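What follows is the content of start_15.txt (compact mmCIF, N, CA and C atoms).
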```
# COMPACT_ATOMS: atom_id res chain seq x y z
N CYS A 283 40.94 -78.17 49.34
CA CYS A 283 39.91 -78.80 48.54
C CYS A 283 40.55 -79.42 47.31
N GLY A 284 39.82 -80.26 46.65
CA GLY A 284 40.40 -80.97 45.52
C GLY A 284 41.19 -82.14 46.05
N THR A 285 41.41 -83.12 45.24
CA THR A 285 42.06 -84.34 45.71
C THR A 285 43.57 -84.16 45.74
N GLY A 286 44.14 -84.42 46.91
CA GLY A 286 45.59 -84.42 47.08
C GLY A 286 46.08 -85.82 47.40
N GLN A 287 47.34 -85.93 47.69
CA GLN A 287 47.95 -87.22 48.05
C GLN A 287 48.69 -87.07 49.37
N GLN A 288 48.58 -88.12 50.18
CA GLN A 288 49.36 -88.20 51.41
C GLN A 288 50.26 -89.42 51.30
N GLN A 289 51.41 -89.32 51.97
CA GLN A 289 52.38 -90.41 51.96
C GLN A 289 52.86 -90.65 53.37
N ARG A 290 53.16 -91.90 53.63
CA ARG A 290 53.82 -92.20 54.89
C ARG A 290 54.85 -93.30 54.64
N THR A 291 55.87 -93.29 55.46
CA THR A 291 56.96 -94.26 55.31
C THR A 291 57.23 -94.94 56.65
N ARG A 292 57.95 -96.04 56.55
CA ARG A 292 58.40 -96.75 57.75
C ARG A 292 59.73 -97.41 57.41
N THR A 293 60.46 -97.70 58.43
CA THR A 293 61.74 -98.39 58.22
C THR A 293 61.71 -99.71 58.96
N CYS A 294 62.49 -100.63 58.46
CA CYS A 294 62.61 -101.96 59.07
C CYS A 294 63.74 -101.89 60.10
N SER A 295 63.44 -101.22 61.21
CA SER A 295 64.51 -100.97 62.20
C SER A 295 64.03 -101.12 63.63
N ASN A 296 62.99 -101.89 63.83
CA ASN A 296 62.45 -102.02 65.19
C ASN A 296 62.20 -103.48 65.52
N PRO A 297 63.15 -104.30 65.63
CA PRO A 297 64.59 -104.09 65.48
C PRO A 297 65.03 -104.28 64.03
N THR A 298 66.22 -103.89 63.75
CA THR A 298 66.84 -104.11 62.46
C THR A 298 67.22 -105.58 62.37
N PRO A 299 66.93 -106.23 61.21
CA PRO A 299 67.30 -107.64 61.10
C PRO A 299 68.84 -107.80 61.24
N VAL A 300 69.23 -108.83 61.89
CA VAL A 300 70.65 -109.07 62.12
C VAL A 300 70.96 -110.51 61.74
N GLY A 301 72.11 -110.74 61.18
CA GLY A 301 72.55 -112.08 60.83
C GLY A 301 71.60 -112.70 59.83
N ALA A 302 71.08 -113.87 60.13
CA ALA A 302 70.16 -114.59 59.24
C ALA A 302 68.72 -114.14 59.44
N GLY A 303 68.50 -113.07 60.22
CA GLY A 303 67.15 -112.56 60.43
C GLY A 303 66.54 -112.03 59.13
N LEU A 304 65.26 -112.27 58.95
CA LEU A 304 64.56 -111.86 57.73
C LEU A 304 64.29 -110.36 57.73
N ALA A 305 64.36 -109.80 56.55
CA ALA A 305 63.96 -108.40 56.39
C ALA A 305 62.45 -108.29 56.60
N CYS A 306 61.99 -107.14 56.91
CA CYS A 306 60.56 -106.92 57.14
C CYS A 306 59.77 -107.21 55.86
N ALA A 307 58.57 -107.81 56.00
CA ALA A 307 57.69 -108.08 54.86
C ALA A 307 56.80 -106.85 54.63
N GLY A 308 56.47 -106.60 53.38
CA GLY A 308 55.56 -105.51 53.04
C GLY A 308 56.29 -104.29 52.52
N ASN A 309 55.53 -103.28 52.27
CA ASN A 309 56.06 -102.04 51.69
C ASN A 309 56.58 -101.11 52.76
N ASP A 310 57.54 -100.29 52.35
CA ASP A 310 58.06 -99.30 53.27
C ASP A 310 57.39 -97.93 53.08
N GLN A 311 56.42 -97.85 52.11
CA GLN A 311 55.76 -96.58 51.81
C GLN A 311 54.30 -96.85 51.45
N GLU A 312 53.39 -95.96 51.88
CA GLU A 312 51.96 -96.01 51.50
C GLU A 312 51.53 -94.63 51.03
N GLU A 313 50.55 -94.61 50.11
CA GLU A 313 49.96 -93.36 49.64
C GLU A 313 48.44 -93.48 49.71
N GLN A 314 47.79 -92.35 49.92
CA GLN A 314 46.32 -92.32 49.87
C GLN A 314 45.86 -90.94 49.45
N ASP A 315 44.62 -90.88 48.92
CA ASP A 315 44.01 -89.61 48.55
C ASP A 315 43.61 -88.86 49.81
N CYS A 316 43.63 -87.53 49.74
CA CYS A 316 43.19 -86.72 50.86
C CYS A 316 42.49 -85.47 50.33
N ASN A 317 41.75 -84.81 51.20
CA ASN A 317 41.00 -83.61 50.82
C ASN A 317 40.20 -83.86 49.54
N THR A 318 39.35 -84.84 49.58
CA THR A 318 38.62 -85.26 48.38
C THR A 318 37.34 -84.46 48.14
N GLU A 319 37.00 -83.55 49.04
CA GLU A 319 35.80 -82.74 48.80
C GLU A 319 36.06 -81.76 47.65
N LEU A 320 34.97 -81.44 46.95
CA LEU A 320 35.08 -80.54 45.80
C LEU A 320 35.41 -79.12 46.25
N CYS A 321 36.22 -78.44 45.47
CA CYS A 321 36.50 -77.03 45.73
C CYS A 321 35.24 -76.22 45.44
N ALA A 322 34.96 -75.24 46.27
CA ALA A 322 33.78 -74.40 46.07
C ALA A 322 34.00 -73.49 44.86
N VAL A 323 33.04 -73.51 43.95
CA VAL A 323 33.05 -72.61 42.79
C VAL A 323 31.70 -71.91 42.77
N ASP A 324 31.72 -70.58 42.88
CA ASP A 324 30.48 -69.82 42.82
C ASP A 324 29.95 -69.81 41.39
N GLY A 325 28.63 -69.88 41.28
CA GLY A 325 27.98 -69.86 39.97
C GLY A 325 28.05 -68.47 39.34
N GLY A 326 27.97 -68.44 38.02
CA GLY A 326 27.95 -67.18 37.28
C GLY A 326 26.89 -67.25 36.19
N TRP A 327 26.28 -66.11 35.90
CA TRP A 327 25.22 -66.05 34.89
C TRP A 327 25.80 -66.09 33.48
N THR A 328 25.06 -66.72 32.58
CA THR A 328 25.36 -66.60 31.15
C THR A 328 24.84 -65.25 30.68
N GLU A 329 25.11 -64.91 29.44
CA GLU A 329 24.53 -63.70 28.86
C GLU A 329 23.02 -63.91 28.70
N TRP A 330 22.27 -62.83 28.67
CA TRP A 330 20.82 -62.92 28.43
C TRP A 330 20.58 -63.43 27.01
N SER A 331 19.54 -64.24 26.85
CA SER A 331 19.13 -64.67 25.51
C SER A 331 18.52 -63.47 24.79
N ALA A 332 18.26 -63.63 23.50
CA ALA A 332 17.53 -62.60 22.76
C ALA A 332 16.10 -62.55 23.29
N TRP A 333 15.45 -61.41 23.13
CA TRP A 333 14.05 -61.31 23.53
C TRP A 333 13.21 -62.22 22.64
N SER A 334 12.21 -62.87 23.24
CA SER A 334 11.30 -63.72 22.47
C SER A 334 10.42 -62.86 21.58
N ASP A 335 9.71 -63.48 20.64
CA ASP A 335 8.75 -62.76 19.83
C ASP A 335 7.67 -62.19 20.74
N CYS A 336 7.11 -61.08 20.35
CA CYS A 336 6.04 -60.46 21.13
C CYS A 336 4.78 -61.29 21.00
N SER A 337 4.03 -61.40 22.09
CA SER A 337 2.81 -62.20 22.09
C SER A 337 1.67 -61.54 21.32
N GLU A 338 1.78 -60.24 21.03
CA GLU A 338 0.75 -59.51 20.29
C GLU A 338 1.42 -58.66 19.22
N THR A 339 0.71 -58.43 18.11
CA THR A 339 1.27 -57.58 17.06
C THR A 339 1.01 -56.10 17.33
N CYS A 340 0.01 -55.79 18.16
CA CYS A 340 -0.25 -54.42 18.59
C CYS A 340 -1.11 -54.50 19.84
N GLY A 341 -1.23 -53.40 20.54
CA GLY A 341 -2.11 -53.36 21.72
C GLY A 341 -1.49 -53.94 22.96
N THR A 342 -0.19 -53.96 23.10
CA THR A 342 0.60 -54.40 24.25
C THR A 342 0.60 -55.91 24.43
N GLY A 343 1.73 -56.47 24.16
CA GLY A 343 1.99 -57.90 24.39
C GLY A 343 3.12 -58.05 25.40
N GLN A 344 3.61 -59.26 25.53
CA GLN A 344 4.70 -59.57 26.45
C GLN A 344 5.79 -60.33 25.70
N GLN A 345 7.02 -60.12 26.13
CA GLN A 345 8.13 -60.91 25.62
C GLN A 345 9.09 -61.18 26.78
N GLN A 346 9.87 -62.25 26.64
CA GLN A 346 10.76 -62.68 27.70
C GLN A 346 12.16 -62.93 27.14
N ARG A 347 13.11 -62.91 28.08
CA ARG A 347 14.45 -63.39 27.79
C ARG A 347 14.95 -64.13 29.02
N THR A 348 15.88 -65.04 28.83
CA THR A 348 16.33 -65.90 29.93
C THR A 348 17.86 -65.97 29.97
N ARG A 349 18.34 -66.48 31.08
CA ARG A 349 19.76 -66.78 31.27
C ARG A 349 19.86 -67.94 32.25
N THR A 350 21.01 -68.57 32.30
CA THR A 350 21.19 -69.71 33.21
C THR A 350 22.41 -69.47 34.10
N CYS A 351 22.38 -70.11 35.25
CA CYS A 351 23.49 -70.02 36.20
C CYS A 351 24.48 -71.14 35.87
N SER A 352 25.16 -71.00 34.74
CA SER A 352 26.05 -72.08 34.29
C SER A 352 27.36 -71.54 33.70
N ASN A 353 27.77 -70.36 34.14
CA ASN A 353 28.98 -69.76 33.57
C ASN A 353 29.88 -69.21 34.68
N PRO A 354 30.41 -70.06 35.57
CA PRO A 354 30.31 -71.52 35.62
C PRO A 354 29.12 -71.97 36.46
N THR A 355 28.84 -73.26 36.40
CA THR A 355 27.84 -73.88 37.27
C THR A 355 28.41 -73.95 38.68
N PRO A 356 27.60 -73.66 39.71
CA PRO A 356 28.12 -73.75 41.08
C PRO A 356 28.58 -75.18 41.39
N VAL A 357 29.67 -75.28 42.14
CA VAL A 357 30.22 -76.58 42.52
C VAL A 357 30.47 -76.59 44.02
N GLY A 358 30.25 -77.76 44.63
CA GLY A 358 30.52 -77.92 46.06
C GLY A 358 29.74 -76.92 46.88
N ALA A 359 30.43 -76.22 47.75
CA ALA A 359 29.78 -75.23 48.62
C ALA A 359 29.68 -73.86 47.94
N GLY A 360 29.93 -73.80 46.63
CA GLY A 360 29.84 -72.53 45.91
C GLY A 360 28.41 -72.02 45.87
N SER A 361 28.27 -70.71 45.84
CA SER A 361 26.93 -70.11 45.88
C SER A 361 26.28 -70.12 44.50
N VAL A 362 24.96 -70.21 44.52
CA VAL A 362 24.19 -70.12 43.28
C VAL A 362 24.09 -68.64 42.89
N CYS A 363 23.75 -68.40 41.66
CA CYS A 363 23.66 -67.03 41.16
C CYS A 363 22.53 -66.27 41.86
N ALA A 364 22.75 -65.01 42.16
CA ALA A 364 21.72 -64.16 42.74
C ALA A 364 20.97 -63.48 41.61
N GLY A 365 19.68 -63.29 41.79
CA GLY A 365 18.88 -62.59 40.79
C GLY A 365 17.97 -63.55 40.04
N ASN A 366 17.27 -63.01 39.07
CA ASN A 366 16.27 -63.77 38.31
C ASN A 366 16.88 -64.37 37.05
N ASP A 367 16.32 -65.50 36.65
CA ASP A 367 16.78 -66.13 35.41
C ASP A 367 15.88 -65.79 34.24
N GLN A 368 14.84 -64.95 34.48
CA GLN A 368 13.96 -64.53 33.39
C GLN A 368 13.56 -63.08 33.60
N GLU A 369 13.48 -62.33 32.50
CA GLU A 369 12.96 -60.96 32.52
C GLU A 369 11.81 -60.89 31.54
N ASP A 370 10.80 -60.09 31.88
CA ASP A 370 9.63 -59.86 31.03
C ASP A 370 9.55 -58.36 30.73
N GLN A 371 9.02 -58.04 29.58
CA GLN A 371 8.77 -56.63 29.26
C GLN A 371 7.58 -56.52 28.31
N ASP A 372 6.93 -55.34 28.36
CA ASP A 372 5.86 -55.05 27.42
C ASP A 372 6.45 -54.81 26.03
N CYS A 373 5.67 -55.12 25.01
CA CYS A 373 6.12 -54.89 23.64
C CYS A 373 4.91 -54.56 22.78
N ASN A 374 5.17 -53.98 21.61
CA ASN A 374 4.12 -53.58 20.67
C ASN A 374 3.00 -52.85 21.40
N THR A 375 3.36 -51.75 22.05
CA THR A 375 2.42 -51.02 22.90
C THR A 375 1.55 -50.03 22.13
N GLU A 376 1.75 -49.89 20.82
CA GLU A 376 0.94 -48.95 20.06
C GLU A 376 -0.50 -49.49 19.91
N ILE A 377 -1.44 -48.56 19.78
CA ILE A 377 -2.85 -48.93 19.62
C ILE A 377 -3.02 -49.65 18.29
N CYS A 378 -3.82 -50.70 18.29
CA CYS A 378 -4.07 -51.44 17.06
C CYS A 378 -4.88 -50.57 16.09
N ALA A 379 -4.50 -50.56 14.83
CA ALA A 379 -5.23 -49.81 13.81
C ALA A 379 -6.54 -50.53 13.51
N VAL A 380 -7.62 -49.75 13.44
CA VAL A 380 -8.93 -50.30 13.10
C VAL A 380 -9.49 -49.44 11.98
N ASP A 381 -9.75 -50.04 10.82
CA ASP A 381 -10.34 -49.30 9.70
C ASP A 381 -11.81 -49.01 10.01
N GLY A 382 -12.25 -47.82 9.58
CA GLY A 382 -13.65 -47.45 9.76
C GLY A 382 -14.54 -48.28 8.83
N GLY A 383 -15.80 -48.43 9.19
CA GLY A 383 -16.75 -49.16 8.37
C GLY A 383 -18.14 -48.58 8.51
N TRP A 384 -18.89 -48.59 7.42
CA TRP A 384 -20.25 -48.05 7.42
C TRP A 384 -21.20 -49.00 8.13
N THR A 385 -22.19 -48.41 8.79
CA THR A 385 -23.31 -49.21 9.31
C THR A 385 -24.27 -49.46 8.14
N GLU A 386 -25.31 -50.22 8.38
CA GLU A 386 -26.36 -50.41 7.37
C GLU A 386 -27.11 -49.10 7.22
N TRP A 387 -27.71 -48.90 6.03
CA TRP A 387 -28.53 -47.71 5.81
C TRP A 387 -29.72 -47.73 6.74
N SER A 388 -30.12 -46.56 7.19
CA SER A 388 -31.35 -46.45 7.98
C SER A 388 -32.54 -46.52 7.01
N ALA A 389 -33.74 -46.61 7.58
CA ALA A 389 -34.95 -46.60 6.74
C ALA A 389 -35.12 -45.20 6.14
N TRP A 390 -35.80 -45.14 5.00
CA TRP A 390 -36.07 -43.84 4.38
C TRP A 390 -36.97 -43.02 5.29
N GLY A 391 -36.68 -41.75 5.34
CA GLY A 391 -37.51 -40.84 6.11
C GLY A 391 -38.74 -40.42 5.29
N ASP A 392 -39.58 -39.58 5.87
CA ASP A 392 -40.77 -39.07 5.18
C ASP A 392 -40.34 -38.20 4.00
N CYS A 393 -41.21 -38.14 2.97
CA CYS A 393 -40.94 -37.30 1.80
C CYS A 393 -41.15 -35.83 2.15
N SER A 394 -40.35 -35.00 1.58
CA SER A 394 -40.43 -33.57 1.87
C SER A 394 -41.64 -32.88 1.22
N GLU A 395 -42.27 -33.56 0.26
CA GLU A 395 -43.43 -32.99 -0.43
C GLU A 395 -44.54 -34.05 -0.38
N SER A 396 -45.77 -33.55 -0.21
CA SER A 396 -46.90 -34.48 -0.19
C SER A 396 -47.35 -34.83 -1.61
N CYS A 397 -47.02 -34.02 -2.61
CA CYS A 397 -47.30 -34.35 -4.00
C CYS A 397 -46.26 -33.72 -4.87
N GLY A 398 -46.11 -34.21 -6.06
CA GLY A 398 -45.06 -33.72 -6.92
C GLY A 398 -43.74 -34.37 -6.54
N THR A 399 -42.64 -33.77 -6.95
CA THR A 399 -41.34 -34.37 -6.68
C THR A 399 -40.77 -33.79 -5.41
N GLY A 400 -40.44 -34.65 -4.51
CA GLY A 400 -39.83 -34.22 -3.26
C GLY A 400 -38.55 -35.01 -2.99
N GLN A 401 -38.03 -34.88 -1.82
CA GLN A 401 -36.80 -35.56 -1.42
C GLN A 401 -37.08 -36.38 -0.17
N GLN A 402 -36.58 -37.55 -0.16
CA GLN A 402 -36.62 -38.35 1.08
C GLN A 402 -35.24 -38.36 1.69
N GLN A 403 -35.19 -38.30 2.96
CA GLN A 403 -33.90 -38.34 3.64
C GLN A 403 -33.86 -39.49 4.59
```
As structure tokens, how would this structure be written, given the file I've shared?
Amino acid sequence: CGTGQQQRTRTCSNPTPVGAGLACAGNDQEEQDCNTELCAVDGGWTEWSAWSDCSETCGTGQQQRTRTCSNPTPVGAGSVCAGNDQEDQDCNTEICAVDGGWTEWSAWGDCSESCGTGQQQ
């Protein structure tokens, strides 16, 4: 694989010029490229990227990281990288904090005394 060179030669001897005979015209050597197909290079993964920001601040979100098959990139009949180019994971899995809050007051209940000072609840 990869580009090489081939050479061939010939001699001016079929027949050899004699006396006032002319020497052969043209070159006595030729070259050409050979094996021009690309050498196979199997692909390799890059390192994983950093995890992305979490999609939620609490209550379980998602984050991802990626990698590419470019270390090296596959060439020719080389194989592509096996496996996934992205990973996902849960993040911020703690329960979201919720502050307590009062409801509206209920209506006043009946007075504890029918006359004088009593208490309403």
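Across the model, the gap from atom C of Gly286 in chain A to atom C of Gln314 in chain A is 5.5 Å.
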* To do: List every residue of range 313-399 of chain A that DSSP, applied to the backbone of this structure, assigns to strand (DSSP E or B), and report them as JSON, numbers by chain.
  => {"A": [313, 314, 315, 316, 323, 343, 344, 345, 346, 347, 348, 357, 368, 369, 370, 371, 372, 373, 393]}
* **d(atom N of Gly341 in chain A, atom C of Asp370 in chain A) in Å** =>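 It comes out at 15.6 Å.
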Let me have the centre and edge lengths in Å, one decimal, of the box along x, y and z around every listed atom of range 327-343 of chain A with 8 Å of margin on each side, as lines of an AutoDock Vina configuration file.
```
center_x = 12.1
center_y = -60.0
center_z = 26.5
size_x = 44.4
size_y = 29.4
size_z = 34.8
```
* Place a sphere of radius 5 Å on (18.8, -61.6, 29.8) in the file coordinates and name every protein, DNA or RNA residue with an atom inside or on its surface, counting all atoms listed in the file; give the answer as a list in words. =>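 Here the neighbourhood of the point contains Glu329, Trp330, Ser331, Arg347 and Thr348 of chain A.
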* Asked: Which residues, protein or nucleic acid, reach to within 6 Å of (8.7, -57.6, 27.5) in the file's coordinates when using all atoms listed in the file, and can you give that as a ChimeraX atom specification?
  -> /A:343-346,370-373
* Could you work out how far CA of Ser352 in chain A lies from CA of Thr328 in chain A, giving the answer in Å with one decimal? ->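 Atom-to-atom, CA of Thr328 in chain A to CA of Ser352 in chain A, that is 6.4 Å.
Residues in contact with Gly358 in chain A at 7 Å, where only N, CA and C atoms are counted and same-chain residues fewer than 4 positions away are skipped, are listed as Glu319, Leu320, Cys321, Ala322 and Val323 of chain A.
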Generate the output file for the selected residues, N, CA and C atoms, as a PDB file, in the coordinates of the input.
```pdb
ATOM      1  N   GLU A 319      37.000 -83.550  49.040  1.00  0.00           N
ATOM      2  CA  GLU A 319      35.800 -82.740  48.800  1.00  0.00           C
ATOM      3  C   GLU A 319      36.060 -81.760  47.650  1.00  0.00           C
ATOM      4  N   LEU A 320      34.970 -81.440  46.950  1.00  0.00           N
ATOM      5  CA  LEU A 320      35.080 -80.540  45.800  1.00  0.00           C
ATOM      6  C   LEU A 320      35.410 -79.120  46.250  1.00  0.00           C
ATOM      7  N   CYS A 321      36.220 -78.440  45.470  1.00  0.00           N
ATOM      8  CA  CYS A 321      36.500 -77.030  45.730  1.00  0.00           C
ATOM      9  C   CYS A 321      35.240 -76.220  45.440  1.00  0.00           C
ATOM     10  N   ALA A 322      34.960 -75.240  46.270  1.00  0.00           N
ATOM     11  CA  ALA A 322      33.780 -74.400  46.070  1.00  0.00           C
ATOM     12  C   ALA A 322      34.000 -73.490  44.860  1.00  0.00           C
ATOM     13  N   VAL A 323      33.040 -73.510  43.950  1.00  0.00           N
ATOM     14  CA  VAL A 323      33.050 -72.610  42.790  1.00  0.00           C
ATOM     15  C   VAL A 323      31.700 -71.910  42.770  1.00  0.00           C
TER      16      VAL A 323
END
```
* Using all atoms listed in the file, which of A:Asn317, A:Val300, A:Ser295, A:Ser396 sits nearest Cys283 in chain A? ->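 Using all atoms listed in the file, the shortest distance to Cys283 in chain A belongs to A:Asn317.
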* Which of these residues is nearest to Ile377 in chain A, using all atoms listed in the file: A:Ala359, A:Asn353, A:Cys393, A:Cys340? ->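 Result for the nearest residue to Ile377 in chain A: A:Cys340.
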